[in-house]
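Enquirer: Input run-v2.txt, format and content: compact mmCIF, N, CA and C atoms.
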```txt
# COMPACT_ATOMS: atom_id res chain seq x y z
N MET A 1 9.72 18.13 -16.70
CA MET A 1 8.52 17.49 -16.19
C MET A 1 8.20 16.22 -16.98
N GLU A 2 8.44 16.29 -18.28
CA GLU A 2 8.18 15.13 -19.12
C GLU A 2 9.09 13.96 -18.75
N ASP A 3 10.35 14.27 -18.38
CA ASP A 3 11.28 13.22 -17.96
C ASP A 3 10.78 12.52 -16.71
N ARG A 4 10.22 13.29 -15.77
CA ARG A 4 9.68 12.70 -14.54
C ARG A 4 8.59 11.69 -14.89
N CYS A 5 7.70 12.06 -15.75
CA CYS A 5 6.60 11.18 -16.17
C CYS A 5 7.15 9.90 -16.80
N LYS A 6 8.08 10.04 -17.72
CA LYS A 6 8.67 8.87 -18.39
C LYS A 6 9.38 7.98 -17.38
N ASN A 7 10.13 8.58 -16.46
CA ASN A 7 10.87 7.80 -15.46
C ASN A 7 9.92 7.06 -14.53
N LEU A 8 8.86 7.74 -14.09
CA LEU A 8 7.88 7.09 -13.21
C LEU A 8 7.25 5.88 -13.89
N LEU A 9 6.81 6.07 -15.10
CA LEU A 9 6.14 4.99 -15.83
C LEU A 9 7.11 3.85 -16.13
N ALA A 10 8.34 4.17 -16.45
CA ALA A 10 9.33 3.14 -16.78
C ALA A 10 9.73 2.31 -15.56
N SER A 11 9.66 2.92 -14.38
CA SER A 11 10.10 2.21 -13.17
C SER A 11 9.05 1.25 -12.61
N ARG A 12 7.84 1.34 -13.09
CA ARG A 12 6.76 0.49 -12.57
C ARG A 12 6.82 -0.91 -13.13
N PRO A 13 6.53 -1.90 -12.28
CA PRO A 13 6.48 -3.27 -12.78
C PRO A 13 5.23 -3.49 -13.64
N THR A 14 5.31 -4.43 -14.54
CA THR A 14 4.15 -4.83 -15.33
C THR A 14 3.44 -5.94 -14.58
N ILE A 15 2.13 -5.81 -14.47
CA ILE A 15 1.33 -6.84 -13.80
C ILE A 15 0.44 -7.45 -14.87
N LEU A 16 0.83 -8.63 -15.30
CA LEU A 16 0.12 -9.28 -16.41
C LEU A 16 -1.32 -9.62 -16.07
N SER A 17 -1.60 -9.89 -14.80
CA SER A 17 -2.96 -10.25 -14.41
C SER A 17 -3.88 -9.04 -14.28
N ALA A 18 -3.33 -7.85 -14.29
CA ALA A 18 -4.14 -6.62 -14.16
C ALA A 18 -4.61 -6.21 -15.55
N LYS A 19 -5.71 -6.77 -15.95
CA LYS A 19 -6.25 -6.53 -17.30
C LYS A 19 -7.01 -5.20 -17.37
N ILE A 20 -7.01 -4.63 -18.56
CA ILE A 20 -7.75 -3.40 -18.83
C ILE A 20 -8.76 -3.72 -19.94
N HIS A 21 -10.04 -3.47 -19.67
CA HIS A 21 -11.10 -3.73 -20.64
C HIS A 21 -11.94 -2.47 -20.83
N ASP A 22 -12.55 -2.35 -21.98
CA ASP A 22 -13.43 -1.21 -22.24
C ASP A 22 -14.64 -1.19 -21.32
N SER A 23 -15.06 -2.37 -20.87
CA SER A 23 -16.28 -2.46 -20.07
C SER A 23 -16.06 -2.14 -18.59
N MET A 24 -14.82 -1.96 -18.15
CA MET A 24 -14.60 -1.72 -16.71
C MET A 24 -14.80 -0.24 -16.37
N SER A 25 -15.08 -0.02 -15.11
CA SER A 25 -15.29 1.35 -14.64
C SER A 25 -13.98 2.12 -14.67
N ASP A 26 -14.08 3.45 -14.63
CA ASP A 26 -12.89 4.28 -14.60
C ASP A 26 -12.02 3.98 -13.38
N GLU A 27 -12.69 3.72 -12.23
CA GLU A 27 -11.95 3.42 -11.00
C GLU A 27 -11.18 2.11 -11.13
N GLU A 28 -11.82 1.10 -11.70
CA GLU A 28 -11.16 -0.19 -11.86
C GLU A 28 -10.00 -0.08 -12.85
N ARG A 29 -10.20 0.69 -13.90
CA ARG A 29 -9.14 0.89 -14.89
C ARG A 29 -7.94 1.59 -14.24
N PHE A 30 -8.21 2.62 -13.44
CA PHE A 30 -7.13 3.34 -12.74
C PHE A 30 -6.44 2.42 -11.74
N GLN A 31 -7.23 1.61 -11.07
CA GLN A 31 -6.68 0.65 -10.11
C GLN A 31 -5.69 -0.29 -10.80
N ASN A 32 -6.09 -0.86 -11.93
CA ASN A 32 -5.26 -1.85 -12.61
C ASN A 32 -4.09 -1.23 -13.36
N ALA A 33 -4.29 -0.06 -13.92
CA ALA A 33 -3.24 0.57 -14.72
C ALA A 33 -2.24 1.36 -13.88
N THR A 34 -2.70 1.90 -12.76
CA THR A 34 -1.85 2.80 -11.98
C THR A 34 -1.59 2.31 -10.56
N LEU A 35 -2.66 2.07 -9.81
CA LEU A 35 -2.48 1.74 -8.39
C LEU A 35 -1.74 0.43 -8.17
N ARG A 36 -2.16 -0.62 -8.83
CA ARG A 36 -1.52 -1.93 -8.60
C ARG A 36 -0.01 -1.91 -8.92
N PRO A 37 0.40 -1.36 -10.07
CA PRO A 37 1.85 -1.31 -10.32
C PRO A 37 2.61 -0.47 -9.29
N ILE A 38 2.05 0.66 -8.89
CA ILE A 38 2.73 1.51 -7.89
C ILE A 38 2.83 0.77 -6.57
N ILE A 39 1.75 0.16 -6.13
CA ILE A 39 1.75 -0.53 -4.84
C ILE A 39 2.70 -1.72 -4.87
N LYS A 40 2.76 -2.42 -5.99
CA LYS A 40 3.71 -3.53 -6.11
C LYS A 40 5.14 -3.00 -6.03
N MET A 41 5.41 -1.90 -6.72
CA MET A 41 6.74 -1.31 -6.72
C MET A 41 7.14 -0.86 -5.31
N GLN A 42 6.19 -0.35 -4.55
CA GLN A 42 6.46 0.19 -3.22
C GLN A 42 6.35 -0.87 -2.12
N HIS A 43 6.10 -2.11 -2.48
CA HIS A 43 5.84 -3.16 -1.50
C HIS A 43 6.90 -3.24 -0.39
N ASN A 44 8.16 -3.29 -0.75
CA ASN A 44 9.21 -3.41 0.27
C ASN A 44 9.23 -2.19 1.19
N LEU A 45 8.93 -1.03 0.65
CA LEU A 45 8.83 0.16 1.48
C LEU A 45 7.67 0.04 2.46
N PHE A 46 6.52 -0.45 2.00
CA PHE A 46 5.37 -0.63 2.89
C PHE A 46 5.69 -1.63 4.01
N ILE A 47 6.44 -2.67 3.70
CA ILE A 47 6.85 -3.63 4.72
C ILE A 47 7.71 -2.93 5.77
N ALA A 48 8.68 -2.16 5.33
CA ALA A 48 9.56 -1.45 6.26
C ALA A 48 8.78 -0.44 7.09
N VAL A 49 7.85 0.25 6.47
CA VAL A 49 7.04 1.25 7.17
C VAL A 49 6.16 0.58 8.21
N PHE A 50 5.60 -0.59 7.87
CA PHE A 50 4.74 -1.27 8.84
C PHE A 50 5.57 -1.84 9.99
N LYS A 51 6.77 -2.32 9.71
CA LYS A 51 7.65 -2.78 10.79
C LYS A 51 7.97 -1.63 11.74
N ASN A 52 8.19 -0.45 11.19
CA ASN A 52 8.43 0.73 12.02
C ASN A 52 7.18 1.08 12.82
N TYR A 53 6.02 0.95 12.20
CA TYR A 53 4.74 1.20 12.87
C TYR A 53 4.61 0.27 14.08
N ILE A 54 4.94 -0.99 13.90
CA ILE A 54 4.89 -1.97 14.99
C ILE A 54 5.84 -1.55 16.11
N ALA A 55 7.06 -1.20 15.75
CA ALA A 55 8.06 -0.82 16.74
C ALA A 55 7.65 0.43 17.52
N LYS A 56 7.09 1.39 16.82
CA LYS A 56 6.66 2.64 17.48
C LYS A 56 5.52 2.40 18.47
N ARG A 57 4.83 1.29 18.32
CA ARG A 57 3.72 0.96 19.21
C ARG A 57 4.12 -0.17 20.16
N LYS A 58 5.38 -0.15 20.58
CA LYS A 58 5.93 -1.03 21.62
C LYS A 58 5.88 -2.51 21.27
N ASN A 59 5.89 -2.85 19.99
CA ASN A 59 5.94 -4.24 19.52
C ASN A 59 4.80 -5.12 20.02
N VAL A 60 3.67 -4.53 20.37
CA VAL A 60 2.50 -5.27 20.84
C VAL A 60 2.06 -6.30 19.79
N PHE A 61 2.22 -5.95 18.55
CA PHE A 61 1.82 -6.80 17.43
C PHE A 61 2.36 -8.23 17.58
N TYR A 62 3.62 -8.35 18.02
CA TYR A 62 4.28 -9.65 18.10
C TYR A 62 3.66 -10.59 19.13
N ASP A 63 2.94 -10.05 20.09
CA ASP A 63 2.31 -10.87 21.13
C ASP A 63 0.88 -11.28 20.77
N LEU A 64 0.41 -10.86 19.62
CA LEU A 64 -0.98 -11.13 19.23
C LEU A 64 -1.11 -12.47 18.51
N SER A 65 -2.30 -13.04 18.60
CA SER A 65 -2.62 -14.25 17.82
C SER A 65 -2.76 -13.84 16.35
N LEU A 66 -2.76 -14.82 15.46
CA LEU A 66 -2.88 -14.52 14.04
C LEU A 66 -4.14 -13.71 13.71
N PRO A 67 -5.33 -14.10 14.21
CA PRO A 67 -6.52 -13.30 13.89
C PRO A 67 -6.40 -11.85 14.39
N LYS A 68 -5.78 -11.68 15.54
CA LYS A 68 -5.63 -10.32 16.07
C LYS A 68 -4.57 -9.54 15.28
N ARG A 69 -3.58 -10.23 14.76
CA ARG A 69 -2.60 -9.56 13.91
C ARG A 69 -3.26 -9.05 12.63
N LEU A 70 -4.15 -9.86 12.09
CA LEU A 70 -4.87 -9.45 10.89
C LEU A 70 -5.73 -8.22 11.18
N SER A 71 -6.39 -8.21 12.33
CA SER A 71 -7.19 -7.06 12.74
C SER A 71 -6.32 -5.84 12.96
N TYR A 72 -5.13 -6.04 13.52
CA TYR A 72 -4.18 -4.97 13.78
C TYR A 72 -3.79 -4.29 12.46
N ILE A 73 -3.48 -5.12 11.45
CA ILE A 73 -3.13 -4.58 10.13
C ILE A 73 -4.31 -3.81 9.56
N GLU A 74 -5.49 -4.40 9.63
CA GLU A 74 -6.68 -3.73 9.09
C GLU A 74 -6.92 -2.40 9.79
N HIS A 75 -6.79 -2.39 11.11
CA HIS A 75 -6.99 -1.16 11.88
C HIS A 75 -5.96 -0.10 11.47
N ALA A 76 -4.70 -0.51 11.35
CA ALA A 76 -3.65 0.44 10.98
C ALA A 76 -3.94 1.08 9.64
N VAL A 77 -4.32 0.27 8.66
CA VAL A 77 -4.53 0.76 7.30
C VAL A 77 -5.82 1.57 7.16
N HIS A 78 -6.88 1.15 7.85
CA HIS A 78 -8.17 1.80 7.65
C HIS A 78 -8.52 2.86 8.70
N LYS A 79 -8.01 2.73 9.90
CA LYS A 79 -8.47 3.62 10.98
C LYS A 79 -7.41 4.61 11.48
N ASP A 80 -6.13 4.24 11.41
CA ASP A 80 -5.08 5.13 11.89
C ASP A 80 -4.78 6.17 10.80
N MET A 81 -5.35 7.35 10.96
CA MET A 81 -5.27 8.36 9.90
C MET A 81 -3.84 8.79 9.60
N LYS A 82 -3.00 8.87 10.59
CA LYS A 82 -1.61 9.27 10.36
C LYS A 82 -0.90 8.22 9.49
N PHE A 83 -1.06 6.96 9.82
CA PHE A 83 -0.46 5.87 9.04
C PHE A 83 -1.08 5.82 7.64
N ARG A 84 -2.38 5.91 7.58
CA ARG A 84 -3.11 5.88 6.31
C ARG A 84 -2.63 6.99 5.38
N ASN A 85 -2.53 8.20 5.91
CA ASN A 85 -2.09 9.33 5.09
C ASN A 85 -0.65 9.18 4.63
N SER A 86 0.17 8.56 5.47
CA SER A 86 1.55 8.30 5.09
C SER A 86 1.60 7.34 3.90
N ILE A 87 0.83 6.27 3.97
CA ILE A 87 0.76 5.30 2.87
C ILE A 87 0.23 5.96 1.60
N LYS A 88 -0.84 6.74 1.75
CA LYS A 88 -1.40 7.43 0.59
C LYS A 88 -0.36 8.33 -0.07
N GLY A 89 0.42 9.02 0.75
CA GLY A 89 1.46 9.91 0.22
C GLY A 89 2.51 9.16 -0.57
N MET A 90 2.87 7.96 -0.09
CA MET A 90 3.86 7.15 -0.80
C MET A 90 3.34 6.69 -2.15
N ILE A 91 2.04 6.53 -2.26
CA ILE A 91 1.44 6.11 -3.53
C ILE A 91 1.23 7.32 -4.44
N ILE A 92 0.61 8.36 -3.90
CA ILE A 92 0.31 9.55 -4.71
C ILE A 92 1.59 10.20 -5.23
N GLY A 93 2.66 10.13 -4.45
CA GLY A 93 3.94 10.69 -4.88
C GLY A 93 4.51 10.01 -6.11
N GLN A 94 3.98 8.85 -6.47
CA GLN A 94 4.42 8.12 -7.66
C GLN A 94 3.52 8.37 -8.87
N PHE A 95 2.49 9.21 -8.71
CA PHE A 95 1.60 9.53 -9.82
C PHE A 95 2.26 10.50 -10.79
N THR A 96 1.89 10.36 -12.05
CA THR A 96 2.22 11.41 -13.02
C THR A 96 1.21 12.53 -12.80
N ILE A 97 1.44 13.66 -13.41
CA ILE A 97 0.49 14.78 -13.30
C ILE A 97 -0.87 14.38 -13.86
N GLU A 98 -0.86 13.66 -14.96
CA GLU A 98 -2.12 13.19 -15.58
C GLU A 98 -2.87 12.24 -14.64
N GLU A 99 -2.14 11.33 -14.02
CA GLU A 99 -2.76 10.39 -13.09
C GLU A 99 -3.32 11.12 -11.87
N TYR A 100 -2.59 12.12 -11.42
CA TYR A 100 -3.07 12.89 -10.27
C TYR A 100 -4.37 13.60 -10.62
N ALA A 101 -4.48 14.13 -11.81
CA ALA A 101 -5.72 14.80 -12.25
C ALA A 101 -6.88 13.81 -12.24
N ILE A 102 -6.64 12.59 -12.65
CA ILE A 102 -7.68 11.55 -12.62
C ILE A 102 -8.01 11.22 -11.17
N TYR A 103 -6.99 11.06 -10.34
CA TYR A 103 -7.17 10.72 -8.93
C TYR A 103 -8.04 11.73 -8.20
N ILE A 104 -7.79 13.02 -8.39
CA ILE A 104 -8.54 14.02 -7.63
C ILE A 104 -10.01 14.10 -8.04
N GLU A 105 -10.33 13.57 -9.21
CA GLU A 105 -11.73 13.54 -9.64
C GLU A 105 -12.56 12.57 -8.80
N ASN A 106 -11.94 11.53 -8.28
CA ASN A 106 -12.68 10.54 -7.49
C ASN A 106 -11.79 9.97 -6.40
N SER A 107 -11.17 10.86 -5.63
CA SER A 107 -10.18 10.43 -4.64
C SER A 107 -10.76 9.53 -3.56
N SER A 108 -11.99 9.74 -3.16
CA SER A 108 -12.58 8.94 -2.10
C SER A 108 -12.65 7.46 -2.49
N ALA A 109 -13.20 7.16 -3.64
CA ALA A 109 -13.31 5.77 -4.10
C ALA A 109 -11.93 5.18 -4.37
N LEU A 110 -11.03 5.97 -4.92
CA LEU A 110 -9.69 5.47 -5.22
C LEU A 110 -8.88 5.25 -3.95
N ASN A 111 -9.10 6.08 -2.93
CA ASN A 111 -8.43 5.87 -1.64
C ASN A 111 -8.84 4.54 -1.04
N LYS A 112 -10.11 4.22 -1.12
CA LYS A 112 -10.60 2.93 -0.60
C LYS A 112 -9.92 1.79 -1.33
N ARG A 113 -9.85 1.89 -2.64
CA ARG A 113 -9.22 0.84 -3.43
C ARG A 113 -7.74 0.69 -3.06
N MET A 114 -7.04 1.82 -2.96
CA MET A 114 -5.60 1.71 -2.67
C MET A 114 -5.35 1.17 -1.27
N MET A 115 -6.16 1.56 -0.30
CA MET A 115 -5.97 1.06 1.06
C MET A 115 -6.29 -0.43 1.16
N ASN A 116 -7.30 -0.87 0.43
CA ASN A 116 -7.62 -2.30 0.42
C ASN A 116 -6.49 -3.12 -0.20
N ILE A 117 -5.89 -2.61 -1.27
CA ILE A 117 -4.79 -3.33 -1.90
C ILE A 117 -3.59 -3.40 -0.95
N VAL A 118 -3.26 -2.28 -0.32
CA VAL A 118 -2.14 -2.26 0.62
C VAL A 118 -2.40 -3.21 1.77
N LYS A 119 -3.62 -3.17 2.32
CA LYS A 119 -3.97 -4.08 3.42
C LYS A 119 -3.78 -5.53 3.00
N GLU A 120 -4.27 -5.89 1.83
CA GLU A 120 -4.15 -7.27 1.35
C GLU A 120 -2.69 -7.66 1.14
N ARG A 121 -1.88 -6.74 0.66
CA ARG A 121 -0.45 -7.05 0.46
C ARG A 121 0.24 -7.25 1.80
N LEU A 122 -0.08 -6.42 2.80
CA LEU A 122 0.52 -6.59 4.12
C LEU A 122 0.09 -7.92 4.74
N ILE A 123 -1.19 -8.23 4.60
CA ILE A 123 -1.70 -9.49 5.16
C ILE A 123 -1.04 -10.69 4.45
N SER A 124 -0.90 -10.60 3.14
CA SER A 124 -0.28 -11.73 2.42
C SER A 124 1.20 -11.87 2.74
N SER A 125 1.79 -10.85 3.34
CA SER A 125 3.20 -10.90 3.73
C SER A 125 3.36 -11.03 5.24
N ILE A 126 2.34 -11.47 5.91
CA ILE A 126 2.34 -11.48 7.38
C ILE A 126 3.53 -12.24 7.96
N GLN A 127 4.03 -13.24 7.24
CA GLN A 127 5.16 -14.02 7.76
C GLN A 127 6.42 -13.17 7.94
N VAL A 128 6.56 -12.07 7.22
CA VAL A 128 7.75 -11.22 7.39
C VAL A 128 7.66 -10.38 8.67
N PHE A 129 6.51 -10.40 9.30
CA PHE A 129 6.33 -9.64 10.53
C PHE A 129 6.48 -10.49 11.78
N ASP A 130 7.24 -11.57 11.68
CA ASP A 130 7.53 -12.36 12.87
C ASP A 130 8.44 -11.54 13.78
N LYS A 131 8.38 -11.86 15.06
CA LYS A 131 9.17 -11.13 16.05
C LYS A 131 10.66 -11.27 15.72
N PRO A 132 11.37 -10.14 15.65
CA PRO A 132 12.81 -10.23 15.36
C PRO A 132 13.55 -10.90 16.51
N ASP A 133 14.53 -11.71 16.14
CA ASP A 133 15.34 -12.40 17.14
C ASP A 133 16.51 -11.48 17.51
N LEU A 134 16.42 -10.88 18.68
CA LEU A 134 17.43 -9.92 19.11
C LEU A 134 18.79 -10.57 19.37
N ARG A 135 18.79 -11.88 19.64
CA ARG A 135 20.05 -12.58 19.87
C ARG A 135 20.92 -12.62 18.61
N LYS A 136 20.27 -12.62 17.45
CA LYS A 136 21.03 -12.64 16.19
C LYS A 136 21.78 -11.33 15.96
N ALA A 137 21.27 -10.26 16.53
CA ALA A 137 21.89 -8.95 16.34
C ALA A 137 23.16 -8.80 17.16
N ILE A 138 23.35 -9.66 18.14
CA ILE A 138 24.52 -9.54 19.04
C ILE A 138 25.73 -10.19 18.45
```
Go ahead and express the file in the form of structure tokens.

Expert:
Amino acid sequence: MEDRCKNLLASRPTILSAKIHDSMSDEERFQNATLRPIIKMQHNLFIAVFKNYIAKRKNVFYDLSLPKRLSYIEHAVHKDMKFRNSIKGMIIGQFTIEEYAIYIENSSALNKRMMNIVKERLISSIQVFDKPDLRKAI
């Protein structure tokens, strides 16, 4: 079990801008020390998962204007419980046992934080969600 903890922590990227201060709340500290590195590490997986989400919904996303695409992402992350729970699982599965104990103490507030970070990362990567050119596959 100790090896799992060491491996998880070692595999996470360092985020220099995610500062930890004594004056910050426990939620903010957990966000910067745990959530942000995990979400950054899982970024490419979240992109692939969202592309699959688009495909499973008949590629409607590709026909939307930019503002509607942004709303689509927000709706998927905040309102689609199946998608939301899938994303949460990908993040929680990267927690150490100690981190999970902290998470369950205030899961509601931490869920909001993690979903907002994921939403912002998907939105900032919106250019990767351009309609695939099927002619290139031939």

Enquirer: How close does region 89-123 of chain A get to region 56-73 of chain A? List, as JSON lines, each residue of region 89-123 of chain A within 12 Å, its nearest atom pair and the distance in Å to one decimal, counting only C-alpha atoms.

Expert:
```
{"residue": "A:Met115", "atom": "CA", "partner": "A:Ile73", "partner_atom": "CA", "distance": 11.1}
{"residue": "A:Asn116", "atom": "CA", "partner": "A:Ile73", "partner_atom": "CA", "distance": 10.9}
{"residue": "A:Val118", "atom": "CA", "partner": "A:Ile73", "partner_atom": "CA", "distance": 9.8}
{"residue": "A:Lys119", "atom": "CA", "partner": "A:Ile73", "partner_atom": "CA", "distance": 6.8}
{"residue": "A:Glu120", "atom": "CA", "partner": "A:Ile73", "partner_atom": "CA", "distance": 9.2}
{"residue": "A:Arg121", "atom": "CA", "partner": "A:Ile73", "partner_atom": "CA", "distance": 10.3}
{"residue": "A:Leu122", "atom": "CA", "partner": "A:Ile73", "partner_atom": "CA", "distance": 7.3}
{"residue": "A:Ile123", "atom": "CA", "partner": "A:Leu70", "partner_atom": "CA", "distance": 6.5}
```

Enquirer: So the first atom is CA of Asp26 (chain A) and the second is CA of Ala109 (chain A); what is the distance between them in Å, to one decimal place?

Expert: 10.6 Å

Enquirer: Give the answer as one residue: which of A:Phe95, A:Phe50, A:Phe30, A:Tyr103 has the shortest atom-to-atom distance to Ser11 (chain A), using only C-alpha atoms?

Expert: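 Counting only C-alpha atoms, the residue closest to Ser11 (chain A) is A:Phe95.
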
Enquirer: What is the distance between CA of Ala101 (chain A) and atom N of Gln31 (chain A), in Å to one decimal?

Expert: 13.3 Å

Enquirer: Calculate, to one decimal in Å, the centre and edge lengths of the box along x, y and z of the file that holds all listed atoms of region 93-105 of chain A with 8 Å of margin on each side, and present them as lines of an AutoDock Vina configuration file.

Expert:
```
center_x = -4.0
center_y = 11.5
center_z = -10.0
size_x = 33.1
size_y = 22.7
size_z = 27.1
```

Enquirer: Just give me the residues with any atom within 10 Å of (-3.1, 2.0, -9.9), file coordinates, counting only C-alpha atoms, written as a PyMOL selection string.

Expert: chain A and resi 18+27-40+91-92+94-95+99+103+110+113-114+117

Enquirer: Produce a table with one row for each residue of region 19-66 of chain A that has an atom at most 10 Å from any atom of region 79-86 of chain A, each row naming the nearest atom pair and its distance in Å at one decimal; use only C-alpha atoms; arrange rows by chain and rising residue number; format as JSON lines.

Expert:
```
{"residue": "A:Phe46", "atom": "CA", "partner": "A:Ser86", "partner_atom": "CA", "distance": 10.0}
{"residue": "A:Val49", "atom": "CA", "partner": "A:Phe83", "partner_atom": "CA", "distance": 9.0}
{"residue": "A:Phe50", "atom": "CA", "partner": "A:Phe83", "partner_atom": "CA", "distance": 8.8}
{"residue": "A:Tyr53", "atom": "CA", "partner": "A:Phe83", "partner_atom": "CA", "distance": 8.0}
```

Enquirer: For Ile97 (chain A), find every residue with an atom within 10 Å (counting only C-alpha atoms), except residues of its own chain fewer than 4 positions away, and show them as a list in words.

Expert: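 Near Ile97 (chain A), the qualifying residues are Met1, Glu2, Arg4, Cys5, Gly93, Ala101, Ile102 and Tyr103 of chain A.
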
Enquirer: So how many Å separate CA of Asp22 (chain A) and CA of Ala10 (chain A), to one decimal?

Expert: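 Computed distance, CA of Asp22 (chain A) to CA of Ala10 (chain A), equals 23.8 Å.
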
Enquirer: Can you pull out every residue from region 15-137 of chain A that DSSP, working from the backbone, puts in alpha helix (DSSP H), and format the result as an MDAnalysis selection string?

Expert: chainID A and resid 26:30 36:41 43:56 66:78 81:92 97:105 107:124
